[in-house]
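K.L.:
I have a structure here, written as structure tokens, and I will follow up with some questions on it.
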Amino acid sequence: PASAAPVATHPLAVAPVTGPPSSVDGFVREFLNNLNYEQGVALSSSSPNDRYLALAYTVRDYLMARWLEDQRRQREVQAKGVCYLSAEYLLGRQLDNNLLAARLTDIATEAMAACGIDIDDLRQLEVEPGLGNGGLGRLAACFIDSLATMSVPSTGYGLRYEYGIFRQTFVDGEQIEQPDAWLTLGSPWEFPHPEAAQTIGFGGYTEKYDDEGVARSRWVPGWTVQAVPYNYMVPGYHNGRVNTLRLWSAVASSAFDLRIFNAGDYAEAVRAQTFAENISKVLYPEDSTPQGKELRLQQQYFFVAASIHDFLEHSLSPDFDLANLPDRVIFQLNDTHPVIAVPELMRVLVDEKGMKWDAAWAITQQCFAYTCHTLLPEALEMWSVDLLGRLLPRHLEIIYRINDEFLAAVRERFGDDEMRIRNMSIIADFPERSVRMAFLATVAGAKVNGVAELHSQLLREKVLPDFDEFYPGKFTNVTNGVTPRRFVRLANPGLASLITEALGAGWTVDLERLRGLEAFAEDPEFRAKFAEVKAANKRRLSDVLRTRDGFEVSDGHMLDVMVKRLHEYKRQMLKVLHIVTLYEGIASGRVAAADVQPRTFIFGAKAAPGYVMAKRIIHLINAVGSVVNADPRVEGRLQVLFPPNYNVTLAERVIPAADLSEQISLAGKEASGTGNMKFALSGALTIGTDDGANVEIRQLVGDDNFFLFGMTEPEVEALWAKGYKPSDFYQADEGLRRAIDLIASGAFSGGDRSTFEPIVSNLLYDDRFMVLADYASYIAAQARVDAAYADQDAWTRSSILNVARSGFFSSDRSIRDYIDRIWHTPPVL
Ligand code: NBY
């Protein structure tokens, strides 16, 4: 609890915090102060890292007054707010974003120059916090940006992993993972608050007891860990608003090891401390198949328990009537990772606050909403009852009771339809007794949403149809979006200036205004300027890849880009088959090099360390790249580049340079995609299947400005139903045969046929994601791409139309949809 406010005696002690003056001189003074008094160095003897940190502190100083004010107001106003619960936030670099939000970019640039410093050199020093795997974590980062920009009272809650997503390197073309020690050179954007630590229990047992004639249960944890919050500023864009992201770090409780210390086993006591601190040590790099590891469940419970307690303690007045909790908060569950928050809130209300079960359940069902991000059955998280019961025995009891009452209600509605009951039970019996977290979230959530129209429809019809029937109106859609601040203003300043020149300012927070560019698509002068922006972005990317990776990007090539996690369903293999087809055609002499549009293929992809097939595919891409890039027969025509360690920072350089965006998942598998939106907003044309948000992109930009190929989701279903034999497609298509045979021949593995044999046999005899079935259609679509690219002016026109018609994909629009359909949390201005 906050201590009583101190009694001010000095006049300055009651003056509001105002921060430094917004002038170059003021900035220089503050910067030098920070260099001297925070870093303890003089400018003349400072290291680049000292200067970067001092610059970051200075930007912080400018935001501080607003932040303190907003924290005060959020407590005072007592408006309903959002607690966004997410195990991942893939933030990207902070410096530029915060400069932009605070309108300090020019002042800071000049101030640094006045100190003889090139601010660009300092920008490069920032290590991005990679506290997420991919789309889900980046979405959370876009959402907190939009929430702040739209002045919605909200807090992001998550985990402060000491090691984020691994750093990827390639050794002989194979992925090697290195730890991401992002905190080692200092972390200027965070504010630890050890005094606000929460104690989080684990293990132990439950007991029944008599509370003045009322039978109650309580949990007696076996051990505890301290959760220490670290606050991050989340500044809104040009609105003076600064929200908070609160990430939890695990520290051993002092009581934790006292017993062991007292027993004289010092070494054991220190080991126990390490055990506790392991909880926030590392981000699990699995982006779909959850591993069911105990440490992961510890992470999940650790951060949601801390977050719920933090909210109840610090955001509500001491006399708040918890019956009114739904008027004050909605906990948004970002996938199933935070779903253990549901029994935790029940435990707090019933066991700790003494509320009746039914009242507590009615409240809980109004306080949660759940977003699903997948359709892959193997990605639906399950926790074994055995593990859950050991780690969180009281929560397991609560889950059982929720399930019993839920199934009773189902029986009442549908009768004793045992099949249906089994299918809807939160507890699964096979292959092991376990808790289906998505079911728990669906039962507890006021709303359940998918992340694109098609995904939400399939979620209702295929994944949770019984629930949709049982809970009419519970399911809804909120199509994902991306923040135009980071992905247009910061990543694509050339395009941003051109847009502002054409449409005036204002589009950054009202992205539908991009529609105004449609008219400019017909203006040759504008097209020329637009094309020049793209060319400049390509040059900028070339520079980055030269310094970062030693690559030489060929001039005048179409940049064909596929960047995303490596996953079989995303079908990087289809892209490889296209490249091998082009290569084989030219190298064999059957196709004249001059007839092929010069292309540079760029890949970026990390594979989960335990995902063997994904790692093989990475190896193959690198192997194909080595051969293609060294073969004089395709020189000047084909180039394959795979910069390692694709992350937000690299995305910000690659996407604005792209001509062609590859969104080629098997229909029905990609929930939404968000990279697809970033590309369209950067003027890349999409080649894509009718999947996820591609469907909506195509509807908006128009068929003429989108290269559609492949089976639709119903066609995929029909082919499965009829019986899919990939080898039939191999037999029937000569081009496909040539490509696969070339891989199988060892042409990309120094003659060794065994290296990529598992990939080849997987394609021929299994092919779960129907790469071979869509090959012919993909190759045909790529031929259309080639033809279209030959007319540069027409391509540029399409490119402008892509930008003009993609305003819908702003995360501001997504947040507006969440507010209207789910949260009902109006902005507090
Ligand atoms: O979420 C992605 C979807 O694949 C993509 O289609 C969608 O656009 C995006 C945002 O809605 N899902 C995703 O990124 N998932 C993960 O990163 C992830 C991470 C961890 C685990 C599962 C999935 N896990 O089980 O540990």
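In the structure tokens, the first chain shown is A, the next is B, and so on; residue numbers restart at 1 for each chain, and ligands run from 1 in the order shown.
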From a backbone DSSP assignment, name each residue in region 586-674 of chain A labelled helix (DSSP H, G or I), as a ChimeraX atom specification.
P.N.:
/A:586-587,593-595,612-630,632-634,648-657
K.L.:
List as JSON lines every residue of region 404-445 of chain A that is in contact with region 467-491 of chain A, defined as an atom at most 12 Å from one of its atoms (using only C-alpha atoms), together with the nearest atom pair and the distance in Å rounded to one decimal, sorted by chain and then rising number.
P.N.:
{"residue": "A:Phe406", "atom": "CA", "partner": "A:Phe470", "partner_atom": "CA", "distance": 10.5}
{"residue": "A:Leu407", "atom": "CA", "partner": "A:Phe470", "partner_atom": "CA", "distance": 11.1}
{"residue": "A:Ala409", "atom": "CA", "partner": "A:Phe470", "partner_atom": "CA", "distance": 9.5}
{"residue": "A:Val410", "atom": "CA", "partner": "A:Phe470", "partner_atom": "CA", "distance": 7.6}
{"residue": "A:Arg411", "atom": "CA", "partner": "A:Phe470", "partner_atom": "CA", "distance": 10.9}
{"residue": "A:Glu412", "atom": "CA", "partner": "A:Phe470", "partner_atom": "CA", "distance": 11.0}
{"residue": "A:Arg413", "atom": "CA", "partner": "A:Phe470", "partner_atom": "CA", "distance": 8.1}
{"residue": "A:Phe414", "atom": "CA", "partner": "A:Phe470", "partner_atom": "CA", "distance": 9.0}
{"residue": "A:Arg420", "atom": "CA", "partner": "A:Phe467", "partner_atom": "CA", "distance": 10.4}
{"residue": "A:Ile421", "atom": "CA", "partner": "A:Phe467", "partner_atom": "CA", "distance": 11.1}
{"residue": "A:Asn423", "atom": "CA", "partner": "A:Phe467", "partner_atom": "CA", "distance": 10.0}
{"residue": "A:Met424", "atom": "CA", "partner": "A:Phe467", "partner_atom": "CA", "distance": 7.5}
{"residue": "A:Ser425", "atom": "CA", "partner": "A:Phe467", "partner_atom": "CA", "distance": 10.6}
{"residue": "A:Ile426", "atom": "CA", "partner": "A:Phe467", "partner_atom": "CA", "distance": 11.4}
{"residue": "A:Ala438", "atom": "CA", "partner": "A:Phe467", "partner_atom": "CA", "distance": 11.0}
{"residue": "A:Phe439", "atom": "CA", "partner": "A:Phe467", "partner_atom": "CA", "distance": 8.6}
{"residue": "A:Leu440", "atom": "CA", "partner": "A:Phe467", "partner_atom": "CA", "distance": 11.1}
{"residue": "A:Ala441", "atom": "CA", "partner": "A:Phe467", "partner_atom": "CA", "distance": 11.3}
{"residue": "A:Thr442", "atom": "CA", "partner": "A:Phe467", "partner_atom": "CA", "distance": 7.7}
{"residue": "A:Val443", "atom": "CA", "partner": "A:Phe467", "partner_atom": "CA", "distance": 8.2}
{"residue": "A:Ala444", "atom": "CA", "partner": "A:Lys474", "partner_atom": "CA", "distance": 10.6}
{"residue": "A:Gly445", "atom": "CA", "partner": "A:Lys474", "partner_atom": "CA", "distance": 8.2}
K.L.:
Determine the nearest neighbour of ligand 1 from the options A:Ala608, A:Ile617, A:Ala252, A:Leu122, counting only C-alpha atoms and all ligand atoms.
P.N.:
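Closest candidate: A:Ala608.
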K.L.:
List all protein, DNA and RNA residues that have an atom no more than 8 Å from any atom of ligand 1, counting only C-alpha atoms and all ligand atoms, and report them as a ChimeraX atom specification.
P.N.:
/A:88,132-139,284-291,335,337,372-374,379-381,451,480,669-675,692-693
K.L.:
Quick one: residues within 10 Å of region 543-548 of chain A, only C-alpha atoms counted, chain neighbours fewer than 3 positions away excluded, as a ChimeraX atom specification?
P.N.:
/A:537-540,551-553,641-644,650,653-654
K.L.:
For the selection just defined, write its residues with C-alpha atoms to a file, as an mmCIF file, in the first residue's frame.
P.N.:
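Below is the file that was written, part.cif:
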data_model
loop_
_atom_site.group_PDB
_atom_site.id
_atom_site.type_symbol
_atom_site.label_atom_id
_atom_site.label_comp_id
_atom_site.auth_asym_id
_atom_site.auth_seq_id
_atom_site.Cartn_x
_atom_site.Cartn_y
_atom_site.Cartn_z
ATOM 1 C CA ASN A 537 13.835 2.328 -49.542
ATOM 2 C CA LYS A 538 15.551 -0.377 -51.583
ATOM 3 C CA ARG A 539 18.843 1.482 -51.444
ATOM 4 C CA ARG A 540 18.452 1.887 -47.709
ATOM 5 C CA PHE A 551 25.248 -9.005 -48.709
ATOM 6 C CA GLU A 552 25.297 -7.186 -52.036
ATOM 7 C CA VAL A 553 21.718 -6.717 -53.198
ATOM 8 C CA LEU A 641 19.125 -13.653 -49.499
ATOM 9 C CA PHE A 642 18.374 -14.950 -46.045
ATOM 10 C CA PRO A 643 19.615 -12.479 -43.434
ATOM 11 C CA PRO A 644 19.698 -14.231 -40.066
ATOM 12 C CA LEU A 650 14.998 -5.625 -39.618
ATOM 13 C CA ARG A 653 13.887 -1.908 -43.174
ATOM 14 C CA VAL A 654 12.788 -4.870 -45.276
#
K.L.:
Find the spatial neighbours of Ala781 (chain A), counting only C-alpha atoms, within a cut-off of 9 Å - ignore same-chain residues fewer than 5 positions away - and output them as a VMD selection string.
P.N.:
chain A and resid 687 707 to 709 776 786
K.L.:
For Ala305 (chain A), which of A:Ala227, A:Ala658, A:Leu185, A:Val251 is the closest residue, counting only C-alpha atoms?
P.N.:
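Of A:Ala227, A:Ala658, A:Leu185, A:Val251, the one nearest Ala305 (chain A), counting only C-alpha atoms, is A:Ala227.
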K.L.:
Mind checking which residues fall within 12 Å of Ser806 (chain A), counting only C-alpha atoms, ignoring those fewer than 2 positions away in the same chain, and posting them as a ChimeraX atom specification?
P.N.:
/A:481-482,484,488,510-518,676-685,693-694,696-702,705,799-804,808-811,813
K.L.:
For those residues, write C-alpha atoms to a file as an mmCIF file, in the first residue's frame.
P.N.:
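Writing the result to result.cif gives the following:
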data_model
loop_
_atom_site.group_PDB
_atom_site.id
_atom_site.type_symbol
_atom_site.label_atom_id
_atom_site.label_comp_id
_atom_site.auth_asym_id
_atom_site.auth_seq_id
_atom_site.Cartn_x
_atom_site.Cartn_y
_atom_site.Cartn_z
ATOM 1 C CA GLY A 481 -4.311 -4.194 -37.381
ATOM 2 C CA VAL A 482 -0.857 -2.647 -37.185
ATOM 3 C CA PRO A 484 0.849 3.281 -38.586
ATOM 4 C CA VAL A 488 4.545 3.874 -41.744
ATOM 5 C CA ASP A 510 -6.995 8.431 -39.024
ATOM 6 C CA LEU A 511 -5.644 5.966 -41.501
ATOM 7 C CA GLU A 512 -8.802 5.706 -43.593
ATOM 8 C CA ARG A 513 -7.762 9.091 -44.957
ATOM 9 C CA LEU A 514 -5.272 7.213 -47.120
ATOM 10 C CA ARG A 515 -8.244 6.739 -49.464
ATOM 11 C CA GLY A 516 -7.425 10.212 -50.651
ATOM 12 C CA LEU A 517 -4.390 8.743 -52.427
ATOM 13 C CA GLU A 518 -6.598 6.905 -54.924
ATOM 14 C CA ASN A 676 0.531 -8.921 -44.838
ATOM 15 C CA MET A 677 -0.990 -5.606 -43.652
ATOM 16 C CA LYS A 678 2.398 -3.931 -43.139
ATOM 17 C CA PHE A 679 3.405 -4.832 -46.691
ATOM 18 C CA ALA A 680 0.190 -3.554 -48.245
ATOM 19 C CA LEU A 681 0.599 -0.295 -46.321
ATOM 20 C CA SER A 682 4.114 -0.022 -47.729
ATOM 21 C CA GLY A 683 2.911 -0.416 -51.293
ATOM 22 C CA ALA A 684 3.987 -4.017 -51.854
ATOM 23 C CA LEU A 685 1.586 -6.096 -53.934
ATOM 24 C CA ALA A 693 -6.731 -11.290 -43.438
ATOM 25 C CA ASN A 694 -5.548 -11.782 -47.030
ATOM 26 C CA GLU A 696 -9.979 -8.721 -46.469
ATOM 27 C CA ILE A 697 -6.886 -7.193 -48.067
ATOM 28 C CA ARG A 698 -7.951 -8.495 -51.458
ATOM 29 C CA GLN A 699 -11.516 -7.296 -51.006
ATOM 30 C CA LEU A 700 -10.244 -3.833 -50.184
ATOM 31 C CA VAL A 701 -7.418 -3.384 -52.680
ATOM 32 C CA GLY A 702 -9.292 -5.131 -55.465
ATOM 33 C CA ASN A 705 -4.056 -5.241 -57.385
ATOM 34 C CA SER A 799 1.137 -0.129 -55.441
ATOM 35 C CA ILE A 800 -0.356 3.297 -54.664
ATOM 36 C CA LEU A 801 -3.831 1.759 -54.645
ATOM 37 C CA ASN A 802 -2.652 -0.817 -52.130
ATOM 38 C CA VAL A 803 -1.579 1.973 -49.793
ATOM 39 C CA ALA A 804 -4.699 4.024 -50.439
ATOM 40 C CA PHE A 808 -8.664 -0.285 -42.537
ATOM 41 C CA PHE A 809 -5.646 -2.195 -41.202
ATOM 42 C CA SER A 810 -4.669 0.390 -38.629
ATOM 43 C CA SER A 811 -4.595 -1.081 -35.126
ATOM 44 C CA ARG A 813 -9.498 0.563 -36.032
#
K.L.:
Rank nothing, just name the residue among A:Pro656, A:Pro194, A:Gly688, A:Gly164 nearest to Pro493 (chain A), using only C-alpha atoms.
P.N.:
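Smallest separation from Pro493 (chain A) among the options: A:Pro656.
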K.L.:
Identify, with DSSP run on backbone atoms, the residues in region 315-458 of chain A assigned to strand (DSSP E or B), and express the list as a list of chain:residue names.
P.N.:
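Filtering region 315-458 of chain A down to strand (DSSP E or B) leaves A:Val329, A:Ile330, A:Phe331, A:Gln332, A:Leu333, A:Asn334, A:Phe368, A:Ala369, A:Tyr370, A:Thr371, A:Met382, A:Trp383, A:Ser384, A:Ile427, A:Ala428, A:Ser434, A:Val435, A:Arg436, A:Val448, A:Asn449, A:Gly450.
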K.L.:
Would you please work out which residue, of A:Ile279, A:Leu125, A:Ala657, A:Ile165, is nearest to Asn645 (chain A) when using only C-alpha atoms?
P.N.:
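Checking each of A:Ile279, A:Leu125, A:Ala657, A:Ile165 against Asn645 (chain A), counting only C-alpha atoms, the winner is A:Ile165.
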K.L.:
Counting only C-alpha atoms, which residue out of A:Leu183, A:Tyr789, A:Leu464, A:Leu85 sits closest to Tyr370 (chain A)?
P.N.:
A:Leu85
K.L.:
Tell me which of A:Tyr400, A:Tyr84, A:Trp507, A:Phe275 sits closest to Pro153 (chain A), counting only C-alpha atoms.
P.N.:
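That would be A:Tyr84, the residue with the smallest distance to Pro153 (chain A).
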K.L.:
Per residue of region 214-262 of chain A within 10 Å of region 44-64 of chain A, what are the shortest atom pair and its distance in Å to one decimal, counting only C-alpha atoms, with rows by chain and residue number, as a Markdown table?
P.N.:
| residue | atom | partner | partner_atom | distance |
| --- | --- | --- | --- | --- |
| A:Met233 | CA | A:Leu63 | CA | 8.1 |
| A:Val234 | CA | A:Leu63 | CA | 9.6 |
| A:Pro235 | CA | A:Leu63 | CA | 7.6 |
| A:Gly240 | CA | A:Leu63 | CA | 8.2 |
| A:Arg241 | CA | A:Leu63 | CA | 8.8 |
| A:Val242 | CA | A:Leu63 | CA | 7.4 |
K.L.:
Residues of the last selection are to be written out with C-alpha atoms, as a PDB file, in the first residue's frame.
P.N.:
ATOM      1  CA  MET A 233       6.142   4.273 -20.736  1.00  0.00           C
ATOM      2  CA  VAL A 234       3.684   3.811 -23.571  1.00  0.00           C
ATOM      3  CA  PRO A 235       3.324   7.274 -25.063  1.00  0.00           C
ATOM      4  CA  GLY A 240       0.316  13.999 -24.436  1.00  0.00           C
ATOM      5  CA  ARG A 241      -0.921  10.701 -23.064  1.00  0.00           C
ATOM      6  CA  VAL A 242       1.449   8.166 -21.537  1.00  0.00           C
TER       7      VAL A 242
END
K.L.:
When you look at Arg565 (chain A) with a cut-off of 7 Å (counting only C-alpha atoms), what residues show up, excluding the ones that are within fewer than 5 positions of it in the same chain? I need them as a list in words.
P.N.:
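Selected residues are Gly134, Ala605, Lys606 and Ala607 of chain A.
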K.L.:
Go ahead and save the picked residues with N, CA and C atoms, as a tab-separated table (two decimals), in the first residue's frame.
P.N.:
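File produced: selection11.tsv:
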chain	number	residue	atom	x	y	z
A	134	GLY	N	6.36	-13.72	-32.42
A	134	GLY	CA	5.94	-13.33	-33.77
A	134	GLY	C	4.70	-12.48	-33.72
A	605	ALA	N	13.23	-15.63	-41.14
A	605	ALA	CA	12.42	-16.63	-40.43
A	605	ALA	C	13.23	-17.29	-39.32
A	606	LYS	N	12.63	-17.37	-38.16
A	606	LYS	CA	13.21	-18.19	-37.09
A	606	LYS	C	12.36	-19.44	-36.95
A	607	ALA	N	13.03	-20.56	-36.66
A	607	ALA	CA	12.31	-21.81	-36.39
A	607	ALA	C	12.37	-22.09	-34.89
K.L.:
Quote the spacing between CA of Ala65 (chain A) and CA of His10 (chain A) in Å to one decimal place.
P.N.:
19.3 Å
